[in-house]
file run-v4.txt (compact mmCIF, C-alpha atoms (C1' of nucleotides))
# COMPACT_ATOMS: atom_id res chain seq x y z
CA MET A 19 34.28 -14.95 -22.14
CA ALA A 20 31.55 -17.06 -23.61
CA HIS A 21 28.85 -16.19 -21.17
CA ALA A 22 26.84 -19.31 -20.43
CA HIS A 23 23.33 -18.04 -19.98
CA GLU A 24 21.59 -21.12 -18.72
CA ALA A 25 18.14 -21.04 -17.26
CA SER A 26 19.59 -21.76 -13.86
CA ASP A 27 22.02 -18.87 -14.03
CA ARG A 28 20.53 -15.47 -13.48
CA PRO A 29 23.25 -13.06 -14.44
CA TYR A 30 22.64 -9.38 -14.21
CA HIS A 31 22.41 -9.22 -17.95
CA HIS A 32 19.84 -11.59 -19.29
CA GLY A 33 20.95 -13.14 -22.56
CA ASP A 34 18.51 -11.52 -24.92
CA LEU A 35 15.49 -10.19 -23.19
CA SER A 36 13.33 -8.98 -26.03
CA ARG A 37 13.04 -12.56 -27.24
CA ALA A 38 12.41 -13.90 -23.75
CA LEU A 39 9.77 -11.27 -23.13
CA VAL A 40 7.83 -12.18 -26.22
CA GLN A 41 8.01 -15.85 -25.31
CA ALA A 42 6.85 -15.05 -21.78
CA GLY A 43 4.01 -13.05 -23.25
CA ARG A 44 2.86 -15.95 -25.34
CA ARG A 45 3.13 -18.30 -22.39
CA ILE A 46 0.90 -16.04 -20.31
CA LEU A 47 -1.46 -15.68 -23.22
CA GLU A 48 -1.89 -19.42 -23.53
CA ASN A 49 -2.12 -20.16 -19.82
CA GLU A 50 -4.09 -17.24 -18.41
CA GLY A 51 -5.79 -15.56 -21.31
CA PRO A 52 -5.53 -12.09 -22.84
CA ALA A 53 -6.83 -10.31 -19.74
CA ALA A 54 -3.81 -11.39 -17.71
CA LEU A 55 -1.31 -10.11 -20.27
CA SER A 56 0.19 -7.10 -18.51
CA LEU A 57 3.62 -5.58 -18.85
CA ARG A 58 4.42 -6.43 -15.27
CA ALA A 59 3.18 -9.99 -15.61
CA VAL A 60 5.41 -10.49 -18.61
CA ALA A 61 8.40 -9.11 -16.76
CA ARG A 62 7.55 -11.29 -13.78
CA GLU A 63 7.31 -14.36 -15.97
CA ALA A 64 10.63 -13.54 -17.59
CA GLY A 65 12.20 -13.06 -14.18
CA VAL A 66 13.12 -9.40 -14.51
CA SER A 67 12.04 -6.17 -12.90
CA PRO A 68 8.94 -4.31 -14.10
CA ALA A 69 11.07 -1.60 -15.67
CA ALA A 70 13.37 -3.89 -17.61
CA PRO A 71 11.19 -4.19 -20.72
CA TYR A 72 11.49 -0.47 -21.31
CA HIS A 73 15.02 -0.97 -22.57
CA HIS A 74 13.73 -3.16 -25.37
CA PHE A 75 10.25 -1.83 -26.06
CA LYS A 76 9.01 1.70 -26.08
CA ASP A 77 5.57 0.93 -24.71
CA LYS A 78 3.34 -1.80 -23.49
CA CYS A 79 1.76 -1.44 -26.91
CA ASP A 80 5.13 -2.01 -28.48
CA LEU A 81 5.58 -5.30 -26.67
CA MET A 82 2.10 -6.40 -27.63
CA ASN A 83 2.88 -5.54 -31.20
CA ALA A 84 5.95 -7.74 -31.02
CA VAL A 85 3.88 -10.65 -29.74
CA SER A 86 1.30 -9.89 -32.34
CA THR A 87 3.87 -9.78 -35.10
CA GLU A 88 5.13 -13.22 -34.11
CA GLY A 89 1.57 -14.41 -34.39
CA TRP A 90 1.23 -12.98 -37.88
CA MET A 91 4.47 -14.63 -38.88
CA GLU A 92 3.17 -18.00 -37.80
CA LEU A 93 -0.17 -17.43 -39.43
CA GLY A 94 1.69 -16.50 -42.60
CA ALA A 95 3.75 -19.66 -42.34
CA ALA A 96 0.67 -21.81 -41.78
CA VAL A 97 -1.01 -20.18 -44.74
CA ALA A 98 2.03 -20.66 -46.93
CA LYS A 99 2.27 -24.30 -45.94
CA ALA A 100 -1.41 -24.85 -46.62
CA ARG A 101 -0.99 -23.29 -50.02
CA SER A 102 2.01 -25.40 -50.92
CA GLN A 103 0.10 -28.58 -50.12
CA ALA A 104 -2.58 -27.94 -52.70
CA PRO A 105 -2.23 -28.55 -56.43
CA ASP A 106 -4.26 -25.91 -58.19
CA GLY A 107 -5.23 -22.39 -57.26
CA ARG A 108 -8.81 -23.09 -56.25
CA ALA A 109 -7.86 -25.85 -53.87
CA ALA A 110 -5.10 -23.68 -52.46
CA MET A 111 -7.60 -20.99 -51.62
CA THR A 112 -9.91 -23.21 -49.65
CA ASN A 113 -6.89 -24.80 -47.98
CA ILE A 114 -5.75 -21.37 -46.93
CA GLY A 115 -9.13 -20.57 -45.50
CA VAL A 116 -9.04 -23.75 -43.47
CA ALA A 117 -5.55 -22.98 -42.22
CA TYR A 118 -6.68 -19.53 -41.20
CA VAL A 119 -9.62 -20.72 -39.21
CA CYS A 120 -7.57 -23.49 -37.64
CA PHE A 121 -5.02 -21.00 -36.47
CA ALA A 122 -7.67 -18.77 -34.94
CA ARG A 123 -9.28 -21.77 -33.30
CA ASP A 124 -6.07 -23.16 -31.85
CA ASN A 125 -4.65 -19.87 -30.60
CA PRO A 126 -7.67 -17.78 -29.66
CA ALA A 127 -5.83 -15.56 -27.19
CA LEU A 128 -2.99 -14.87 -29.60
CA TYR A 129 -5.45 -14.16 -32.37
CA ARG A 130 -7.26 -11.72 -30.15
CA ILE A 131 -4.05 -9.81 -29.45
CA MET A 132 -3.20 -9.81 -33.13
CA TYR A 133 -6.52 -8.32 -34.00
CA ASP A 134 -6.41 -5.81 -31.18
CA SER A 135 -3.02 -4.40 -32.01
CA ALA A 136 -4.00 -4.12 -35.64
CA CYS A 137 -7.06 -2.18 -34.52
CA ASP A 138 -5.15 0.10 -32.19
CA ARG A 139 -2.58 0.82 -34.81
CA GLU A 140 -5.20 2.34 -37.01
CA THR A 141 -7.53 3.83 -34.42
CA MET A 142 -4.75 5.80 -32.84
CA GLY A 143 -2.36 7.53 -35.18
CA ASP A 144 0.72 6.65 -33.20
CA HIS A 145 2.42 4.15 -35.46
CA PRO A 146 1.10 5.52 -38.67
CA LYS A 147 3.24 3.93 -41.32
CA GLU A 148 3.96 0.47 -40.01
CA ALA A 149 1.19 -0.49 -42.32
CA ASP A 150 1.49 -4.24 -42.24
CA SER A 151 -1.81 -4.39 -40.40
CA GLY A 152 -1.58 -8.13 -40.41
CA TRP A 153 -4.83 -8.52 -42.16
CA ARG A 154 -3.44 -7.28 -45.41
CA HIS A 155 -0.37 -9.34 -44.78
CA VAL A 156 -2.36 -12.52 -44.91
CA ARG A 157 -4.50 -11.13 -47.66
CA GLU A 158 -1.43 -10.63 -49.76
CA ALA A 159 -0.48 -14.18 -48.97
CA LEU A 160 -3.86 -15.20 -50.28
CA ILE A 161 -3.38 -13.16 -53.41
CA ASP A 162 0.08 -14.53 -53.77
CA ALA A 163 -1.46 -17.97 -53.49
CA GLY A 164 -3.02 -17.53 -56.88
CA ALA A 165 -5.96 -15.20 -56.47
CA ASP A 166 -6.38 -12.63 -59.19
CA PRO A 167 -7.65 -9.23 -58.24
CA ALA A 168 -10.69 -10.33 -60.17
CA ASP A 169 -11.14 -13.14 -57.70
CA GLU A 170 -11.74 -10.64 -54.93
CA ARG A 171 -15.12 -12.08 -54.20
CA GLU A 172 -13.90 -15.55 -53.50
CA LEU A 173 -10.95 -14.17 -51.62
CA GLU A 174 -13.05 -12.12 -49.30
CA LEU A 175 -15.47 -14.93 -48.89
CA ALA A 176 -12.72 -17.23 -47.71
CA THR A 177 -11.38 -14.62 -45.35
CA ILE A 178 -14.71 -13.72 -43.87
CA GLY A 179 -15.62 -17.35 -43.62
CA ALA A 180 -12.56 -17.88 -41.52
CA TRP A 181 -13.25 -14.80 -39.49
CA CYS A 182 -16.86 -15.72 -38.86
CA ALA A 183 -15.94 -19.20 -37.83
CA ALA A 184 -13.39 -17.83 -35.43
CA HIS A 185 -15.56 -15.16 -33.91
CA GLY A 186 -19.01 -16.67 -33.94
CA MET B 25 -26.67 21.39 -5.41
CA ALA B 26 -25.00 21.82 -8.68
CA HIS B 27 -25.81 20.03 -11.84
CA ALA B 28 -29.34 20.64 -12.94
CA HIS B 29 -28.82 19.11 -16.31
CA GLU B 30 -31.35 18.42 -19.00
CA ALA B 31 -35.03 18.72 -18.41
CA SER B 32 -35.52 15.34 -16.93
CA ASP B 33 -37.33 14.02 -13.91
CA ARG B 34 -35.25 12.81 -11.02
CA PRO B 35 -37.30 9.96 -9.69
CA TYR B 36 -34.54 8.87 -7.37
CA HIS B 37 -31.79 10.19 -5.29
CA HIS B 38 -29.59 12.15 -7.59
CA GLY B 39 -31.33 11.45 -10.81
CA ASP B 40 -31.29 8.53 -13.12
CA LEU B 41 -27.67 7.51 -12.98
CA SER B 42 -27.45 4.42 -15.12
CA ARG B 43 -28.70 6.48 -18.02
CA ALA B 44 -26.39 9.38 -17.21
CA LEU B 45 -23.44 7.03 -16.95
CA VAL B 46 -24.00 5.57 -20.37
CA GLN B 47 -24.36 9.03 -21.85
CA ALA B 48 -21.18 10.14 -20.09
CA GLY B 49 -19.47 7.10 -21.48
CA ARG B 50 -20.44 7.93 -25.00
CA ARG B 51 -19.36 11.54 -24.51
CA ILE B 52 -15.93 10.42 -23.39
CA LEU B 53 -15.78 7.95 -26.22
CA GLU B 54 -16.42 10.65 -28.79
CA ASN B 55 -14.17 13.29 -27.27
CA GLU B 56 -11.18 11.34 -25.99
CA GLY B 57 -11.25 7.97 -27.67
CA PRO B 58 -11.62 4.42 -26.41
CA ALA B 59 -8.39 4.45 -24.41
CA ALA B 60 -9.73 7.15 -22.09
CA LEU B 61 -12.91 5.25 -21.30
CA SER B 62 -12.38 4.20 -17.69
CA LEU B 63 -14.90 3.58 -14.95
CA ARG B 64 -13.52 6.48 -12.97
CA ALA B 65 -13.56 8.81 -15.93
CA VAL B 66 -17.20 8.00 -16.58
CA ALA B 67 -18.09 8.62 -12.94
CA ARG B 68 -16.13 11.87 -13.03
CA GLU B 69 -17.91 13.01 -16.17
CA ALA B 70 -21.25 12.15 -14.63
CA GLY B 71 -20.31 14.06 -11.48
CA VAL B 72 -20.43 11.16 -9.04
CA SER B 73 -17.93 9.31 -6.92
CA PRO B 74 -15.86 6.48 -8.40
CA ALA B 75 -17.87 3.92 -6.46
CA ALA B 76 -21.29 5.13 -7.50
CA PRO B 77 -21.54 3.13 -10.72
CA TYR B 78 -21.33 -0.10 -8.75
CA HIS B 79 -24.91 0.36 -7.62
CA HIS B 80 -26.09 0.23 -11.22
CA PHE B 81 -23.54 -1.99 -12.94
CA LYS B 82 -21.86 -5.09 -11.66
CA ASP B 83 -18.57 -4.48 -13.40
CA LYS B 84 -16.69 -2.13 -15.62
CA CYS B 85 -17.44 -4.71 -18.27
CA ASP B 86 -21.11 -4.40 -17.47
CA LEU B 87 -21.05 -0.65 -18.05
CA MET B 88 -19.19 -1.11 -21.30
CA ASN B 89 -21.76 -3.64 -22.36
CA ALA B 90 -24.46 -1.09 -21.69
CA VAL B 91 -22.72 1.47 -23.86
CA SER B 92 -22.11 -1.19 -26.45
CA THR B 93 -25.74 -2.26 -26.41
CA GLU B 94 -26.85 1.29 -27.06
CA GLY B 95 -24.52 1.29 -30.02
CA TRP B 96 -26.03 -1.90 -31.38
CA MET B 97 -29.48 -0.43 -30.97
CA GLU B 98 -28.53 2.56 -33.05
CA LEU B 99 -26.81 0.44 -35.64
CA GLY B 100 -29.92 -1.68 -35.82
CA ALA B 101 -32.04 1.43 -36.23
CA ALA B 102 -29.78 2.77 -38.98
CA VAL B 103 -29.89 -0.56 -40.74
CA ALA B 104 -33.65 -0.75 -40.45
CA LYS B 105 -34.02 2.74 -41.81
CA ALA B 106 -31.68 2.01 -44.70
CA ARG B 107 -33.72 -1.09 -45.48
CA SER B 108 -37.02 0.76 -45.41
CA GLN B 109 -35.74 3.31 -47.88
CA ALA B 110 -35.05 0.78 -50.59
CA PRO B 111 -37.67 -0.81 -52.81
CA ASP B 112 -36.60 -4.35 -53.55
CA GLY B 113 -34.53 -6.84 -51.60
CA ARG B 114 -31.33 -6.49 -53.57
CA ALA B 115 -31.23 -2.73 -53.21
CA ALA B 116 -32.04 -3.06 -49.53
CA MET B 117 -29.04 -5.26 -49.03
CA THR B 118 -26.57 -2.89 -50.55
CA ASN B 119 -28.25 -0.03 -48.70
CA ILE B 120 -27.78 -1.91 -45.48
CA GLY B 121 -24.14 -2.48 -46.22
CA VAL B 122 -23.67 1.23 -46.82
CA ALA B 123 -25.46 2.10 -43.60
CA TYR B 124 -23.26 -0.30 -41.73
CA VAL B 125 -20.02 1.11 -43.03
CA CYS B 126 -21.27 4.65 -42.50
CA PHE B 127 -22.02 3.90 -38.88
CA ALA B 128 -18.59 2.40 -38.32
CA ARG B 129 -16.99 5.35 -40.06
CA ASP B 130 -18.91 7.99 -38.12
CA ASN B 131 -18.58 6.39 -34.69
CA PRO B 132 -15.24 4.58 -34.77
CA ALA B 133 -14.73 4.64 -31.00
CA LEU B 134 -18.21 3.35 -30.27
CA TYR B 135 -17.82 0.68 -32.92
CA ARG B 136 -14.58 -0.42 -31.34
CA ILE B 137 -16.24 -0.80 -27.95
CA MET B 138 -19.10 -2.70 -29.52
CA TYR B 139 -16.75 -5.13 -31.16
CA ASP B 140 -14.61 -5.50 -28.06
CA SER B 141 -17.42 -6.34 -25.71
CA ALA B 142 -18.78 -8.83 -28.20
CA CYS B 143 -15.33 -10.41 -28.31
CA ASP B 144 -14.91 -10.50 -24.55
CA ARG B 145 -18.30 -12.00 -24.09
CA GLU B 146 -17.28 -15.03 -26.07
CA THR B 147 -13.60 -15.25 -25.21
CA MET B 148 -14.32 -15.37 -21.51
CA GLY B 149 -17.11 -17.62 -20.40
CA ASP B 150 -18.53 -15.14 -17.95
CA HIS B 151 -21.72 -14.07 -19.64
CA PRO B 152 -22.25 -17.29 -21.51
CA LYS B 153 -25.79 -17.09 -22.69
CA GLU B 154 -26.36 -13.43 -23.47
CA ALA B 155 -25.76 -14.55 -26.99
CA ASP B 156 -26.83 -11.47 -28.87
CA SER B 157 -23.21 -10.94 -29.87
CA GLY B 158 -24.27 -7.89 -31.80
CA TRP B 159 -22.90 -9.25 -34.98
CA ARG B 160 -25.67 -11.76 -35.30
CA HIS B 161 -28.09 -9.09 -34.24
CA VAL B 162 -27.31 -7.07 -37.32
CA ARG B 163 -27.02 -10.21 -39.36
CA GLU B 164 -30.56 -11.11 -38.44
CA ALA B 165 -31.56 -7.63 -39.44
CA LEU B 166 -29.96 -8.29 -42.77
CA ILE B 167 -31.75 -11.58 -43.13
CA ASP B 168 -34.93 -9.95 -42.02
CA ALA B 169 -34.31 -7.38 -44.74
CA GLY B 170 -35.03 -10.00 -47.33
CA ALA B 171 -32.01 -12.25 -47.57
CA ASP B 172 -32.74 -15.93 -47.91
CA PRO B 173 -30.46 -18.38 -46.21
CA ALA B 174 -29.49 -19.22 -49.77
CA ASP B 175 -28.26 -15.68 -50.19
CA GLU B 176 -25.64 -16.26 -47.56
CA ARG B 177 -22.88 -15.41 -49.98
CA GLU B 178 -24.16 -11.98 -50.78
CA LEU B 179 -25.01 -11.39 -47.16
CA GLU B 180 -21.57 -12.19 -45.95
CA LEU B 181 -20.06 -10.24 -48.75
CA ALA B 182 -21.93 -7.13 -47.69
CA THR B 183 -21.03 -7.61 -44.08
CA ILE B 184 -17.38 -8.24 -44.72
CA GLY B 185 -17.29 -5.37 -47.12
CA ALA B 186 -18.49 -3.11 -44.39
CA TRP B 187 -16.07 -4.60 -41.94
CA CYS B 188 -13.12 -4.27 -44.26
CA ALA B 189 -13.97 -0.70 -45.07
CA ALA B 190 -14.20 0.09 -41.39
CA HIS B 191 -11.05 -1.68 -40.33
CA GLY B 192 -8.73 -1.27 -43.25
C1' DC C 15 -43.66 9.28 13.22
C1' DA C 16 -40.04 5.33 12.88
C1' DT C 17 -38.01 2.16 9.81
C1' DC C 18 -36.32 0.12 5.78
C1' DT C 19 -34.09 0.06 1.61
C1' DA C 20 -31.87 2.07 -2.32
C1' DT C 21 -28.49 5.22 -3.52
C1' DC C 22 -24.23 7.96 -3.04
C1' DT C 23 -19.67 9.37 -0.59
C1' DG C 24 -14.97 8.65 1.46
C1' DA C 25 -11.26 6.17 2.21
C1' DA C 26 -8.70 2.35 1.44
C1' DC C 27 -6.25 -1.89 -0.94
C1' DG C 28 -3.91 -4.03 -4.57
C1' DT C 29 -2.50 -3.60 -9.35
C1' DT C 30 -1.11 -1.40 -13.46
C1' DG C 31 1.95 1.63 -16.86
C1' DT C 32 5.72 4.57 -16.67
C1' DC C 33 9.70 7.25 -15.36
C1' DA C 34 14.11 8.92 -12.94
C1' DA C 35 18.44 7.44 -10.42
C1' DG C 36 21.67 4.37 -9.36
C1' DA C 37 24.08 -0.31 -9.97
C1' DT C 38 26.36 -3.56 -13.02
C1' DA C 39 28.28 -5.75 -17.02
C1' DA C 40 29.95 -5.77 -21.83
C1' DT C 41 32.37 -3.04 -25.14
C1' DC C 42 35.39 0.35 -26.91
C1' DT C 43 39.57 3.32 -26.53
C1' DT C 44 44.23 4.25 -25.64
C1' DA D 29 46.51 -3.50 -19.46
C1' DA D 30 43.31 -0.09 -17.32
C1' DG D 31 39.97 3.53 -17.91
C1' DA D 32 35.92 5.44 -20.20
C1' DT D 33 31.59 4.50 -22.55
C1' DT D 34 27.54 2.43 -23.49
C1' DA D 35 23.85 -0.95 -22.92
C1' DT D 36 21.32 -3.28 -19.66
C1' DC D 37 18.88 -4.24 -15.31
C1' DT D 38 17.09 -2.82 -10.35
C1' DT D 39 15.13 0.01 -6.93
C1' DG D 40 11.82 3.17 -5.73
C1' DA D 41 8.48 6.16 -6.68
C1' DC D 42 4.22 8.36 -8.98
C1' DA D 43 -0.51 8.77 -10.73
C1' DA D 44 -4.37 6.27 -12.34
C1' DC D 45 -7.14 2.29 -12.41
C1' DG D 46 -10.86 -1.37 -10.72
C1' DT D 47 -12.94 -2.72 -6.70
C1' DT D 48 -14.62 -3.13 -1.93
C1' DC D 49 -16.47 -1.64 2.52
C1' DA D 50 -18.12 1.14 6.33
C1' DG D 51 -20.97 5.06 6.83
C1' DA D 52 -24.09 9.05 5.19
C1' DT D 53 -28.45 10.54 2.95
C1' DA D 54 -32.88 10.56 1.11
C1' DG D 55 -37.37 8.19 -0.82
C1' DA D 56 -40.52 4.76 0.13
C1' DT D 57 -43.26 2.13 3.43
C1' DG D 58 -45.48 0.82 7.61
call {"tool": "encode", "arguments": {"input": "run-v4.txt", "output": "structure tokens"}}
result
Amino acid sequence: MAHAHEASDRPYHHGDLSRALVQAGRRILENEGPAALSLRAVAREAGVSPAAPYHHFKDKCDLMNAVSTEGWMELGAAVAKARSQAPDGRAAMTNIGVAYVCFARDNPALYRIMYDSACDRETMGDHPKEADSGWRHVREALIDAGADPADERELELATIGAWCAAHG
Amino acid sequence: MAHAHEASDRPYHHGDLSRALVQAGRRILENEGPAALSLRAVAREAGVSPAAPYHHFKDKCDLMNAVSTEGWMELGAAVAKARSQAPDGRAAMTNIGVAYVCFARDNPALYRIMYDSACDRETMGDHPKEADSGWRHVREALIDAGADPADERELELATIGAWCAAHG
DNA sequence: CATCTATCTGAACGTTGTCAAGATAATCTT
DNA sequence: AAGATTATCTTGACAACGTTCAGATAGATG
């Protein structure tokens, strides 16, 4: 039977939770800030029991990483779009920097989570080889945008400029 | 009575707690990592009840800020020392960068706390005007080291270099 | 001395992350 | 088709956390 999982229906089996949980996480992040982002709050917001997420994520950290990853995807998309809207390489680079800082400005809570999970992933040795680290992800996007390895200086300048603007 | 610790005067009831708490915090930070740094753990390590810290610090956040501040002091001292050991301005700047990255490498847990409390202080509006933000603190040290405002590029390059090296 | 005030303890409340057992639904097997 | 299997969700519990509050204790002050 084509199970109609409307919002009004609350069947025992939620359509696909992992997605809903990440969305709930982002909703909480936007409305109540990073401090309110707890496993239980996410489950509450998604309308499931506090133990439900454990069938889709190993840890609280795992959930946060999922939220974080979505953030990096969107940042990557924004960066790619910014790059595509500039003619030459130089202009693309500054455009990318602007896109980066705009993203961090518009989604401060998300950005904080992104940064935190990247930090935790390297401070602890738990997920050793995931290795996207987000930062490098965007960095590669920058390089892909037309920055030579020789352009490292400008590249880092753009990145740090964005970071400084976002963090004070 | 049990813990006759270091040769220190005990001007008050059970000694000088606020100091002991910060030291305990750093001990935990070094031995068990940032995740283990809880208010209760600090109190436990200092040999007092879980409620004792509240007579010296308003919050958990307040305690963390104290630990963090000590970290910034030491970073500042390391930076100052590195500066004093270099002859001209250019050499001082690179020296400072090295000192910075060394500090972050040698005390990763402390550095994490330092960064976190700086972040929280600006993300939330709670302590709005403390405004040292740590980052700028060191930045001013860099500027004080001999960097003109015109040298901003090099300055930021050094800082971001240190940051990148510390964070991946 | 009595008193006051700062400091510490003990117990409690609400919340969090996490796990073990049982209920329920979708899927696979025959 | 029905029965067995697997994936999903709930209930209930546990320890640990941050925080508060009513008392205990000791140094300072009159």
call {"tool": "atom_distance", "arguments": {"input": "run-v4.txt", "atom1": "atom CA of A:Leu81", "atom2": "atom CA of B:Val66"}}
result
28.2 Å
call {"tool": "atom_distance", "arguments": {"input": "run-v4.txt", "atom1": "atom CA of B:Ala133", "atom2": "atom CA of A:Cys79"}}
result
18.0 Å
call {"tool": "atom_distance", "arguments": {"input": "run-v4.txt", "atom1": "atom CA of A:Asp34", "atom2": "atom CA of A:Ser86"}}
result
18.8 Å
call {"tool": "interface_residues", "arguments": {"input": "run-v4.txt", "of": "chain C", "to": "chain A", "cutoff": "9 Å", "atoms": "all atoms listed in the file", "output": "list in words"}}
result
DT30, DG31, DT32, DC33, DT38 and DA39 of chain C
call {"tool": "write_last_selection", "arguments": {"input": "run-v4.txt", "atoms": "C-alpha atoms (C1' of nucleotides)", "output": "CSV table (one decimal), keeping the file's coordinate frame"}}
result
chain,number,residue,atom,x,y,z
C,30,DT,C1',-1.1,-1.4,-13.5
C,31,DG,C1',2.0,1.6,-16.9
C,32,DT,C1',5.7,4.6,-16.7
C,33,DC,C1',9.7,7.2,-15.4
C,38,DT,C1',26.4,-3.6,-13.0
C,39,DA,C1',28.3,-5.8,-17.0
call {"tool": "interface_residues", "arguments": {"input": "run-v4.txt", "of": "chain D", "to": "chain A", "cutoff": "9 Å", "atoms": "all atoms listed in the file", "output": "list of chain:residue names"}}
result
D:DA35, D:DT36, D:DC37, D:DT38
